[in-house]
$ cat work_5.csv   # CSV, N, CA and C atoms
chain,number,residue,atom,x,y,z
J,1,MET,N,36.2,25.1,-2.2
J,1,MET,CA,36.3,24.6,-3.6
J,1,MET,C,37.5,25.2,-4.3
J,2,MET,N,37.8,26.5,-4.0
J,2,MET,CA,38.9,27.1,-4.6
J,2,MET,C,40.2,26.5,-4.1
J,3,ARG,N,40.3,26.2,-2.9
J,3,ARG,CA,41.5,25.5,-2.3
J,3,ARG,C,41.7,24.2,-3.0
J,4,ILE,N,40.7,23.4,-3.2
J,4,ILE,CA,40.9,22.1,-3.9
J,4,ILE,C,41.4,22.3,-5.3
J,5,GLN,N,40.8,23.3,-6.0
J,5,GLN,CA,41.3,23.6,-7.4
J,5,GLN,C,42.7,24.1,-7.4
J,6,ALA,N,43.1,24.9,-6.4
J,6,ALA,CA,44.5,25.4,-6.3
J,6,ALA,C,45.4,24.2,-6.1
J,7,GLU,N,45.0,23.3,-5.2
J,7,GLU,CA,45.8,22.1,-4.9
J,7,GLU,C,45.9,21.2,-6.2
J,8,ASP,N,44.8,21.1,-6.9
J,8,ASP,CA,44.9,20.3,-8.1
J,8,ASP,C,45.8,20.9,-9.2
J,9,LEU,N,45.7,22.2,-9.3
J,9,LEU,CA,46.6,22.9,-10.2
J,9,LEU,C,48.1,22.7,-9.9
J,10,PHE,N,48.4,22.8,-8.6
J,10,PHE,CA,49.8,22.6,-8.1
J,10,PHE,C,50.2,21.2,-8.4
J,11,GLU,N,49.4,20.2,-8.0
J,11,GLU,CA,49.8,18.8,-8.2
J,11,GLU,C,50.0,18.4,-9.7
J,12,VAL,N,49.1,18.9,-10.6
J,12,VAL,CA,49.3,18.6,-12.0
J,12,VAL,C,50.6,19.3,-12.5
J,13,LYS,N,50.8,20.5,-12.1
J,13,LYS,CA,52.0,21.2,-12.5
J,13,LYS,C,53.3,20.4,-12.1
J,14,VAL,N,53.3,20.0,-10.8
J,14,VAL,CA,54.4,19.2,-10.3
J,14,VAL,C,54.6,18.0,-11.1
J,15,GLU,N,53.6,17.3,-11.4
J,15,GLU,CA,53.7,16.0,-12.2
J,15,GLU,C,54.2,16.3,-13.6
J,16,ILE,N,53.7,17.4,-14.3
J,16,ILE,CA,54.2,17.7,-15.6
J,16,ILE,C,55.7,18.1,-15.5
J,17,ILE,N,56.1,18.9,-14.5
J,17,ILE,CA,57.5,19.2,-14.4
J,17,ILE,C,58.4,18.0,-14.1
J,18,GLN,N,57.9,17.1,-13.3
J,18,GLN,CA,58.7,15.9,-13.0
J,18,GLN,C,58.9,15.0,-14.3
J,19,ILE,N,57.8,14.9,-15.1
J,19,ILE,CA,57.9,14.2,-16.3
J,19,ILE,C,58.9,14.8,-17.3
J,20,MET,N,58.7,16.2,-17.4
J,20,MET,CA,59.6,16.9,-18.3
J,20,MET,C,61.1,16.8,-17.9
J,21,ALA,N,61.3,16.8,-16.6
J,21,ALA,CA,62.7,16.7,-16.1
J,21,ALA,C,63.3,15.4,-16.5
J,22,GLY,N,62.5,14.3,-16.5
J,22,GLY,CA,63.0,13.0,-16.9
J,22,GLY,C,63.2,12.9,-18.4
J,23,LEU,N,62.3,13.5,-19.2
J,23,LEU,CA,62.3,13.5,-20.6
J,23,LEU,C,63.4,14.4,-21.2
J,24,ASP,N,63.6,15.5,-20.5
J,24,ASP,CA,64.6,16.5,-21.0
J,24,ASP,C,65.5,16.9,-19.9
J,25,PRO,N,66.5,16.1,-19.6
J,25,PRO,CA,67.4,16.4,-18.5
J,25,PRO,C,68.3,17.6,-18.7
J,26,THR,N,68.4,18.1,-19.9
J,26,THR,CA,69.2,19.3,-20.1
J,26,THR,C,68.5,20.6,-19.8
J,27,GLY,N,67.1,20.5,-19.7
J,27,GLY,CA,66.3,21.7,-19.4
J,27,GLY,C,66.3,21.9,-17.9
J,28,ASN,N,66.1,23.2,-17.5
J,28,ASN,CA,66.1,23.6,-16.1
J,28,ASN,C,64.6,23.5,-15.6
J,29,TRP,N,64.1,22.3,-15.5
J,29,TRP,CA,62.7,22.1,-15.2
J,29,TRP,C,62.4,22.4,-13.7
J,30,MET,N,63.3,22.1,-12.9
J,30,MET,CA,63.1,22.4,-11.5
J,30,MET,C,63.2,23.9,-11.2
J,31,GLY,N,63.9,24.6,-12.0
J,31,GLY,CA,64.1,26.0,-11.7
J,31,GLY,C,63.1,26.9,-12.5
J,32,LYS,N,62.8,26.5,-13.8
J,32,LYS,CA,62.0,27.3,-14.7
J,32,LYS,C,60.7,26.6,-15.1
J,33,GLY,N,60.5,25.4,-14.7
J,33,GLY,CA,59.4,24.6,-15.2
J,33,GLY,C,58.0,25.3,-14.9
J,34,ALA,N,57.9,25.8,-13.7
J,34,ALA,CA,56.6,26.4,-13.4
J,34,ALA,C,56.3,27.6,-14.2
J,35,LEU,N,57.4,28.4,-14.6
J,35,LEU,CA,57.2,29.5,-15.4
J,35,LEU,C,56.8,29.2,-16.8
J,36,ALA,N,57.2,28.0,-17.3
J,36,ALA,CA,56.8,27.5,-18.6
J,36,ALA,C,55.3,27.2,-18.6
J,37,LEU,N,54.7,26.9,-17.5
J,37,LEU,CA,53.3,26.6,-17.4
J,37,LEU,C,52.4,27.8,-17.1
J,38,LYS,N,53.0,28.9,-17.1
J,38,LYS,CA,52.1,30.1,-16.8
J,38,LYS,C,51.4,30.5,-18.1
J,39,ASN,N,50.3,31.2,-18.0
J,39,ASN,CA,49.6,31.7,-19.1
J,39,ASN,C,49.3,33.2,-19.0
J,40,PRO,N,50.1,34.1,-19.6
J,40,PRO,CA,49.9,35.5,-19.5
J,40,PRO,C,48.6,36.0,-20.0
J,41,ARG,N,47.8,35.2,-20.7
J,41,ARG,CA,46.6,35.7,-21.3
J,41,ARG,C,45.4,35.5,-20.3
J,42,THR,N,45.6,35.0,-19.1
J,42,THR,CA,44.6,34.9,-18.2
J,42,THR,C,44.8,35.9,-17.0
J,43,SER,N,43.8,36.2,-16.3
J,43,SER,CA,43.9,37.2,-15.2
J,43,SER,C,44.7,36.7,-14.1
J,44,THR,N,44.7,35.4,-13.9
J,44,THR,CA,45.5,34.8,-12.8
J,44,THR,C,46.9,34.3,-13.2
J,45,GLY,N,47.1,34.3,-14.5
J,45,GLY,CA,48.4,33.8,-15.0
J,45,GLY,C,48.5,32.3,-15.0
J,46,GLU,N,47.4,31.6,-14.7
J,46,GLU,CA,47.4,30.1,-14.6
J,46,GLU,C,46.7,29.6,-15.9
J,47,GLU,N,47.2,28.4,-16.3
J,47,GLU,CA,46.5,27.6,-17.3
J,47,GLU,C,45.3,27.0,-16.7
J,48,PRO,N,44.2,26.9,-17.4
J,48,PRO,CA,43.1,26.2,-16.9
J,48,PRO,C,43.4,24.7,-16.6
J,49,LEU,N,42.8,24.2,-15.6
J,49,LEU,CA,43.1,22.8,-15.1
J,49,LEU,C,42.9,21.8,-16.2
J,50,ASP,N,41.9,21.9,-17.0
J,50,ASP,CA,41.6,21.0,-18.1
J,50,ASP,C,42.8,21.0,-19.1
J,51,ARG,N,43.3,22.2,-19.4
J,51,ARG,CA,44.5,22.3,-20.3
J,51,ARG,C,45.7,21.6,-19.7
J,52,LEU,N,45.9,21.8,-18.4
J,52,LEU,CA,47.1,21.1,-17.8
J,52,LEU,C,46.9,19.6,-17.8
J,53,TYR,N,45.7,19.1,-17.6
J,53,TYR,CA,45.4,17.7,-17.7
J,53,TYR,C,45.7,17.2,-19.1
J,54,ALA,N,45.3,18.0,-20.1
J,54,ALA,CA,45.5,17.6,-21.5
J,54,ALA,C,47.0,17.5,-21.8
J,55,LEU,N,47.8,18.5,-21.3
J,55,LEU,CA,49.3,18.5,-21.4
J,55,LEU,C,49.9,17.2,-20.8
J,56,LEU,N,49.4,16.9,-19.6
J,56,LEU,CA,49.9,15.7,-18.9
J,56,LEU,C,49.6,14.4,-19.6
J,57,GLU,N,48.4,14.3,-20.1
J,57,GLU,CA,48.0,13.2,-20.9
J,57,GLU,C,48.8,13.0,-22.2
J,58,ASP,N,49.0,14.1,-22.9
J,58,ASP,CA,49.8,14.1,-24.1
J,58,ASP,C,51.3,13.7,-23.8
J,59,LEU,N,51.8,14.2,-22.7
J,59,LEU,CA,53.2,13.8,-22.3
J,59,LEU,C,53.2,12.3,-22.0
J,60,ASN,N,52.3,11.8,-21.2
J,60,ASN,CA,52.2,10.4,-20.8
J,60,ASN,C,52.0,9.5,-22.1
J,61,ARG,N,51.3,9.9,-23.0
J,61,ARG,CA,51.0,9.1,-24.2
J,61,ARG,C,52.2,9.2,-25.2
J,62,GLY,N,52.7,10.4,-25.5
J,62,GLY,CA,53.7,10.5,-26.6
J,62,GLY,C,55.1,10.8,-26.1
J,63,GLY,N,55.3,11.1,-24.9
J,63,GLY,CA,56.7,11.3,-24.4
J,63,GLY,C,57.4,12.4,-25.2
J,64,VAL,N,58.6,12.1,-25.6
J,64,VAL,CA,59.4,13.2,-26.3
J,64,VAL,C,58.8,13.4,-27.7
J,65,GLN,N,58.0,12.6,-28.2
J,65,GLN,CA,57.4,12.8,-29.5
J,65,GLN,C,56.1,13.6,-29.4
J,66,SER,N,55.6,13.9,-28.2
J,66,SER,CA,54.4,14.6,-28.1
J,66,SER,C,54.5,16.1,-28.4
J,67,GLU,N,53.4,16.7,-28.8
J,67,GLU,CA,53.3,18.1,-29.0
J,67,GLU,C,53.6,18.9,-27.7
J,68,ALA,N,53.1,18.4,-26.6
J,68,ALA,CA,53.3,19.1,-25.3
J,68,ALA,C,54.7,19.2,-25.0
J,69,PHE,N,55.5,18.1,-25.2
J,69,PHE,CA,56.9,18.1,-25.0
J,69,PHE,C,57.6,19.2,-25.8
J,70,SER,N,57.3,19.3,-27.1
J,70,SER,CA,58.0,20.3,-27.9
J,70,SER,C,57.6,21.7,-27.4
J,71,ASP,N,56.3,21.9,-27.2
J,71,ASP,CA,55.9,23.3,-26.7
J,71,ASP,C,56.5,23.7,-25.4
J,72,LEU,N,56.5,22.8,-24.4
J,72,LEU,CA,57.1,23.1,-23.1
J,72,LEU,C,58.6,23.3,-23.2
J,73,LYS,N,59.3,22.5,-24.0
J,73,LYS,CA,60.7,22.6,-24.1
J,73,LYS,C,61.1,24.0,-24.6
J,74,VAL,N,60.4,24.4,-25.6
J,74,VAL,CA,60.7,25.8,-26.2
J,74,VAL,C,60.4,26.8,-25.1
J,75,LYS,N,59.3,26.7,-24.4
J,75,LYS,CA,59.0,27.7,-23.4
J,75,LYS,C,60.0,27.8,-22.3
J,76,VAL,N,60.5,26.6,-21.8
J,76,VAL,CA,61.5,26.7,-20.7
J,76,VAL,C,62.9,27.2,-21.2
J,77,GLU,N,63.2,26.9,-22.5
J,77,GLU,CA,64.5,27.3,-23.0
J,77,GLU,C,64.6,28.9,-23.1
J,78,TYR,N,63.4,29.5,-23.5
J,78,TYR,CA,63.4,30.9,-23.7
J,78,TYR,C,62.8,31.7,-22.6
J,79,ARG,N,62.4,31.1,-21.6
J,79,ARG,CA,61.8,31.8,-20.4
J,79,ARG,C,62.9,32.5,-19.6
J,80,ILE,N,62.8,33.8,-19.4
J,80,ILE,CA,63.7,34.5,-18.6
J,80,ILE,C,63.2,34.7,-17.1
J,81,VAL,N,64.0,34.3,-16.2
J,81,VAL,CA,63.6,34.3,-14.8
J,81,VAL,C,64.0,35.6,-14.2
$ encode --input "work_5.csv" --output "structure tokens"
Amino acid sequence: MMRIQAEDLFEVKVEIIQIMAGLDPTGNWMGKGALALKNPRTSTGEEPLDRLYALLEDLNRGGVQSEAFSDLKVKVEYRIV
């Protein structure tokens, strides 16, 4: 069960990063995108799967006008690798 959840987390993150790369070509989504999706407030550093699905849905629905786009854009711009 944990393997399936890990695969789901990975797949949703990849989809979010690919969408963001298309919506924000000036951002370093392929290099820093996964870091923008981390959550330092959890023990694993991962966002919950339901939160990632909500981000994905918001991006698909609102594109560059979505709250998810704005939040992730700020995170990737200021994330230090």
$ atom_distance --input "work_5.csv" --atom1 "atom N of J:Leu55" --atom2 "atom C of J:Thr42"
18.2 Å
$ atom_distance --input "work_5.csv" --atom1 "atom N of J:Ala68" --atom2 "atom CA of J:Ser43"
23.8 Å
$ atom_distance --input "work_5.csv" --atom1 "atom CA of J:Gly31" --atom2 "atom CA of J:Gly63"
20.8 Å
$ select_by_dssp --input "work_5.csv" --residues "stretch 19-53 of chain J" --states "helix (DSSP H, G or I)" --output "ChimeraX atom specification"
/J:19-23,29-36,49-53
$ write_last_selection --input "work_5.csv" --atoms "N, CA and C atoms" --output "PDB file, keeping the file's coordinate frame"
ATOM      1  N   ILE J  19      57.800  14.900 -15.100  1.00  0.00           N
ATOM      2  CA  ILE J  19      57.900  14.200 -16.300  1.00  0.00           C
ATOM      3  C   ILE J  19      58.900  14.800 -17.300  1.00  0.00           C
ATOM      4  N   MET J  20      58.700  16.200 -17.400  1.00  0.00           N
ATOM      5  CA  MET J  20      59.600  16.900 -18.300  1.00  0.00           C
ATOM      6  C   MET J  20      61.100  16.800 -17.900  1.00  0.00           C
ATOM      7  N   ALA J  21      61.300  16.800 -16.600  1.00  0.00           N
ATOM      8  CA  ALA J  21      62.700  16.700 -16.100  1.00  0.00           C
ATOM      9  C   ALA J  21      63.300  15.400 -16.500  1.00  0.00           C
ATOM     10  N   GLY J  22      62.500  14.300 -16.500  1.00  0.00           N
ATOM     11  CA  GLY J  22      63.000  13.000 -16.900  1.00  0.00           C
ATOM     12  C   GLY J  22      63.200  12.900 -18.400  1.00  0.00           C
ATOM     13  N   LEU J  23      62.300  13.500 -19.200  1.00  0.00           N
ATOM     14  CA  LEU J  23      62.300  13.500 -20.600  1.00  0.00           C
ATOM     15  C   LEU J  23      63.400  14.400 -21.200  1.00  0.00           C
ATOM     16  N   TRP J  29      64.100  22.300 -15.500  1.00  0.00           N
ATOM     17  CA  TRP J  29      62.700  22.100 -15.200  1.00  0.00           C
ATOM     18  C   TRP J  29      62.400  22.400 -13.700  1.00  0.00           C
ATOM     19  N   MET J  30      63.300  22.100 -12.900  1.00  0.00           N
ATOM     20  CA  MET J  30      63.100  22.400 -11.500  1.00  0.00           C
ATOM     21  C   MET J  30      63.200  23.900 -11.200  1.00  0.00           C
ATOM     22  N   GLY J  31      63.900  24.600 -12.000  1.00  0.00           N
ATOM     23  CA  GLY J  31      64.100  26.000 -11.700  1.00  0.00           C
ATOM     24  C   GLY J  31      63.100  26.900 -12.500  1.00  0.00           C
ATOM     25  N   LYS J  32      62.800  26.500 -13.800  1.00  0.00           N
ATOM     26  CA  LYS J  32      62.000  27.300 -14.700  1.00  0.00           C
ATOM     27  C   LYS J  32      60.700  26.600 -15.100  1.00  0.00           C
ATOM     28  N   GLY J  33      60.500  25.400 -14.700  1.00  0.00           N
ATOM     29  CA  GLY J  33      59.400  24.600 -15.200  1.00  0.00           C
ATOM     30  C   GLY J  33      58.000  25.300 -14.900  1.00  0.00           C
ATOM     31  N   ALA J  34      57.900  25.800 -13.700  1.00  0.00           N
ATOM     32  CA  ALA J  34      56.600  26.400 -13.400  1.00  0.00           C
ATOM     33  C   ALA J  34      56.300  27.600 -14.200  1.00  0.00           C
ATOM     34  N   LEU J  35      57.400  28.400 -14.600  1.00  0.00           N
ATOM     35  CA  LEU J  35      57.200  29.500 -15.400  1.00  0.00           C
ATOM     36  C   LEU J  35      56.800  29.200 -16.800  1.00  0.00           C
ATOM     37  N   ALA J  36      57.200  28.000 -17.300  1.00  0.00           N
ATOM     38  CA  ALA J  36      56.800  27.500 -18.600  1.00  0.00           C
ATOM     39  C   ALA J  36      55.300  27.200 -18.600  1.00  0.00           C
ATOM     40  N   LEU J  49      42.800  24.200 -15.600  1.00  0.00           N
ATOM     41  CA  LEU J  49      43.100  22.800 -15.100  1.00  0.00           C
ATOM     42  C   LEU J  49      42.900  21.800 -16.200  1.00  0.00           C
ATOM     43  N   ASP J  50      41.900  21.900 -17.000  1.00  0.00           N
ATOM     44  CA  ASP J  50      41.600  21.000 -18.100  1.00  0.00           C
ATOM     45  C   ASP J  50      42.800  21.000 -19.100  1.00  0.00           C
ATOM     46  N   ARG J  51      43.300  22.200 -19.400  1.00  0.00           N
ATOM     47  CA  ARG J  51      44.500  22.300 -20.300  1.00  0.00           C
ATOM     48  C   ARG J  51      45.700  21.600 -19.700  1.00  0.00           C
ATOM     49  N   LEU J  52      45.900  21.800 -18.400  1.00  0.00           N
ATOM     50  CA  LEU J  52      47.100  21.100 -17.800  1.00  0.00           C
ATOM     51  C   LEU J  52      46.900  19.600 -17.800  1.00  0.00           C
ATOM     52  N   TYR J  53      45.700  19.100 -17.600  1.00  0.00           N
ATOM     53  CA  TYR J  53      45.400  17.700 -17.700  1.00  0.00           C
ATOM     54  C   TYR J  53      45.700  17.200 -19.100  1.00  0.00           C
TER      55      TYR J  53
END
$ closest_residue --input "work_5.csv" --among "J:Ala36, J:Met30, J:Leu49, J:Val76" --to "J:Phe10" --atoms "only C-alpha atoms"
J:Leu49
$ closest_residue --input "work_5.csv" --among "J:Glu47, J:Val64, J:Leu52, J:Tyr78" --to "J:Ile16" --atoms "all atoms listed in the file"
J:Leu52
$ residues_around --input "work_5.csv" --residues "J:Asn28" --least-positions-apart "5" --cutoff "8 Å" --atoms "all atoms listed in the file" --output "list in words"
Met20, Ala21, Gly33, Ala34, Val76 and Glu77 of chain J
$ residues_around --input "work_5.csv" --residues "J:Leu37" --least-positions-apart "6" --cutoff "8 Å" --atoms "all atoms listed in the file" --output "PyMOL selection string"
chain J and resi 13+45-47+72+75-76
$ closest_residue --input "work_5.csv" --among "J:Leu9, J:Ile19, J:Met1, J:Leu35" --to "J:Tyr53" --atoms "only C-alpha atoms"
J:Leu9
$ closest_residue --input "work_5.csv" --among "J:Leu56, J:Arg51, J:Ser66, J:Lys73" --to "J:Glu15" --atoms "all atoms listed in the file"
J:Leu56
$ build_atoms --input "work_5.csv" --residues "stretch 42-60 of chain J" --atoms "N, CA, C and O atoms" --output "mmCIF file, in the coordinates of the input"
data_model
loop_
_atom_site.group_PDB
_atom_site.id
_atom_site.type_symbol
_atom_site.label_atom_id
_atom_site.label_comp_id
_atom_site.auth_asym_id
_atom_site.auth_seq_id
_atom_site.Cartn_x
_atom_site.Cartn_y
_atom_site.Cartn_z
ATOM 1 N N THR J 42 45.600 35.000 -19.100
ATOM 2 C CA THR J 42 44.600 34.900 -18.200
ATOM 3 C C THR J 42 44.800 35.900 -17.000
ATOM 4 O O THR J 42 45.915 36.289 -16.781
ATOM 5 N N SER J 43 43.800 36.200 -16.300
ATOM 6 C CA SER J 43 43.900 37.200 -15.200
ATOM 7 C C SER J 43 44.700 36.700 -14.100
ATOM 8 O O SER J 43 45.356 37.434 -13.391
ATOM 9 N N THR J 44 44.700 35.400 -13.900
ATOM 10 C CA THR J 44 45.500 34.800 -12.800
ATOM 11 C C THR J 44 46.900 34.300 -13.200
ATOM 12 O O THR J 44 47.705 34.068 -12.325
ATOM 13 N N GLY J 45 47.100 34.300 -14.500
ATOM 14 C CA GLY J 45 48.400 33.800 -15.000
ATOM 15 C C GLY J 45 48.500 32.300 -15.000
ATOM 16 O O GLY J 45 49.535 31.692 -15.265
ATOM 17 N N GLU J 46 47.400 31.600 -14.700
ATOM 18 C CA GLU J 46 47.400 30.100 -14.600
ATOM 19 C C GLU J 46 46.700 29.600 -15.900
ATOM 20 O O GLU J 46 45.750 30.124 -16.383
ATOM 21 N N GLU J 47 47.200 28.400 -16.300
ATOM 22 C CA GLU J 47 46.500 27.600 -17.300
ATOM 23 C C GLU J 47 45.300 27.000 -16.700
ATOM 24 O O GLU J 47 45.311 26.665 -15.502
ATOM 25 N N PRO J 48 44.200 26.900 -17.400
ATOM 26 C CA PRO J 48 43.100 26.200 -16.900
ATOM 27 C C PRO J 48 43.400 24.700 -16.600
ATOM 28 O O PRO J 48 44.275 24.106 -17.211
ATOM 29 N N LEU J 49 42.800 24.200 -15.600
ATOM 30 C CA LEU J 49 43.100 22.800 -15.100
ATOM 31 C C LEU J 49 42.900 21.800 -16.200
ATOM 32 O O LEU J 49 43.715 20.883 -16.359
ATOM 33 N N ASP J 50 41.900 21.900 -17.000
ATOM 34 C CA ASP J 50 41.600 21.000 -18.100
ATOM 35 C C ASP J 50 42.800 21.000 -19.100
ATOM 36 O O ASP J 50 43.151 20.004 -19.677
ATOM 37 N N ARG J 51 43.300 22.200 -19.400
ATOM 38 C CA ARG J 51 44.500 22.300 -20.300
ATOM 39 C C ARG J 51 45.700 21.600 -19.700
ATOM 40 O O ARG J 51 46.437 20.950 -20.422
ATOM 41 N N LEU J 52 45.900 21.800 -18.400
ATOM 42 C CA LEU J 52 47.100 21.100 -17.800
ATOM 43 C C LEU J 52 46.900 19.600 -17.800
ATOM 44 O O LEU J 52 47.866 18.873 -18.076
ATOM 45 N N TYR J 53 45.700 19.100 -17.600
ATOM 46 C CA TYR J 53 45.400 17.700 -17.700
ATOM 47 C C TYR J 53 45.700 17.200 -19.100
ATOM 48 O O TYR J 53 46.207 16.084 -19.310
ATOM 49 N N ALA J 54 45.300 18.000 -20.100
ATOM 50 C CA ALA J 54 45.500 17.600 -21.500
ATOM 51 C C ALA J 54 47.000 17.500 -21.800
ATOM 52 O O ALA J 54 47.505 16.614 -22.490
ATOM 53 N N LEU J 55 47.800 18.500 -21.300
ATOM 54 C CA LEU J 55 49.300 18.500 -21.400
ATOM 55 C C LEU J 55 49.900 17.200 -20.800
ATOM 56 O O LEU J 55 50.692 16.520 -21.393
ATOM 57 N N LEU J 56 49.400 16.900 -19.600
ATOM 58 C CA LEU J 56 49.900 15.700 -18.900
ATOM 59 C C LEU J 56 49.600 14.400 -19.600
ATOM 60 O O LEU J 56 50.421 13.570 -19.803
ATOM 61 N N GLU J 57 48.400 14.300 -20.100
ATOM 62 C CA GLU J 57 48.000 13.200 -20.900
ATOM 63 C C GLU J 57 48.800 13.000 -22.200
ATOM 64 O O GLU J 57 49.242 11.934 -22.506
ATOM 65 N N ASP J 58 49.000 14.100 -22.900
ATOM 66 C CA ASP J 58 49.800 14.100 -24.100
ATOM 67 C C ASP J 58 51.300 13.700 -23.800
ATOM 68 O O ASP J 58 51.839 12.877 -24.524
ATOM 69 N N LEU J 59 51.800 14.200 -22.700
ATOM 70 C CA LEU J 59 53.200 13.800 -22.300
ATOM 71 C C LEU J 59 53.200 12.300 -22.000
ATOM 72 O O LEU J 59 54.177 11.592 -22.355
ATOM 73 N N ASN J 60 52.300 11.800 -21.200
ATOM 74 C CA ASN J 60 52.200 10.400 -20.800
ATOM 75 C C ASN J 60 52.000 9.500 -22.100
ATOM 76 O O ASN J 60 52.619 8.411 -22.124
#
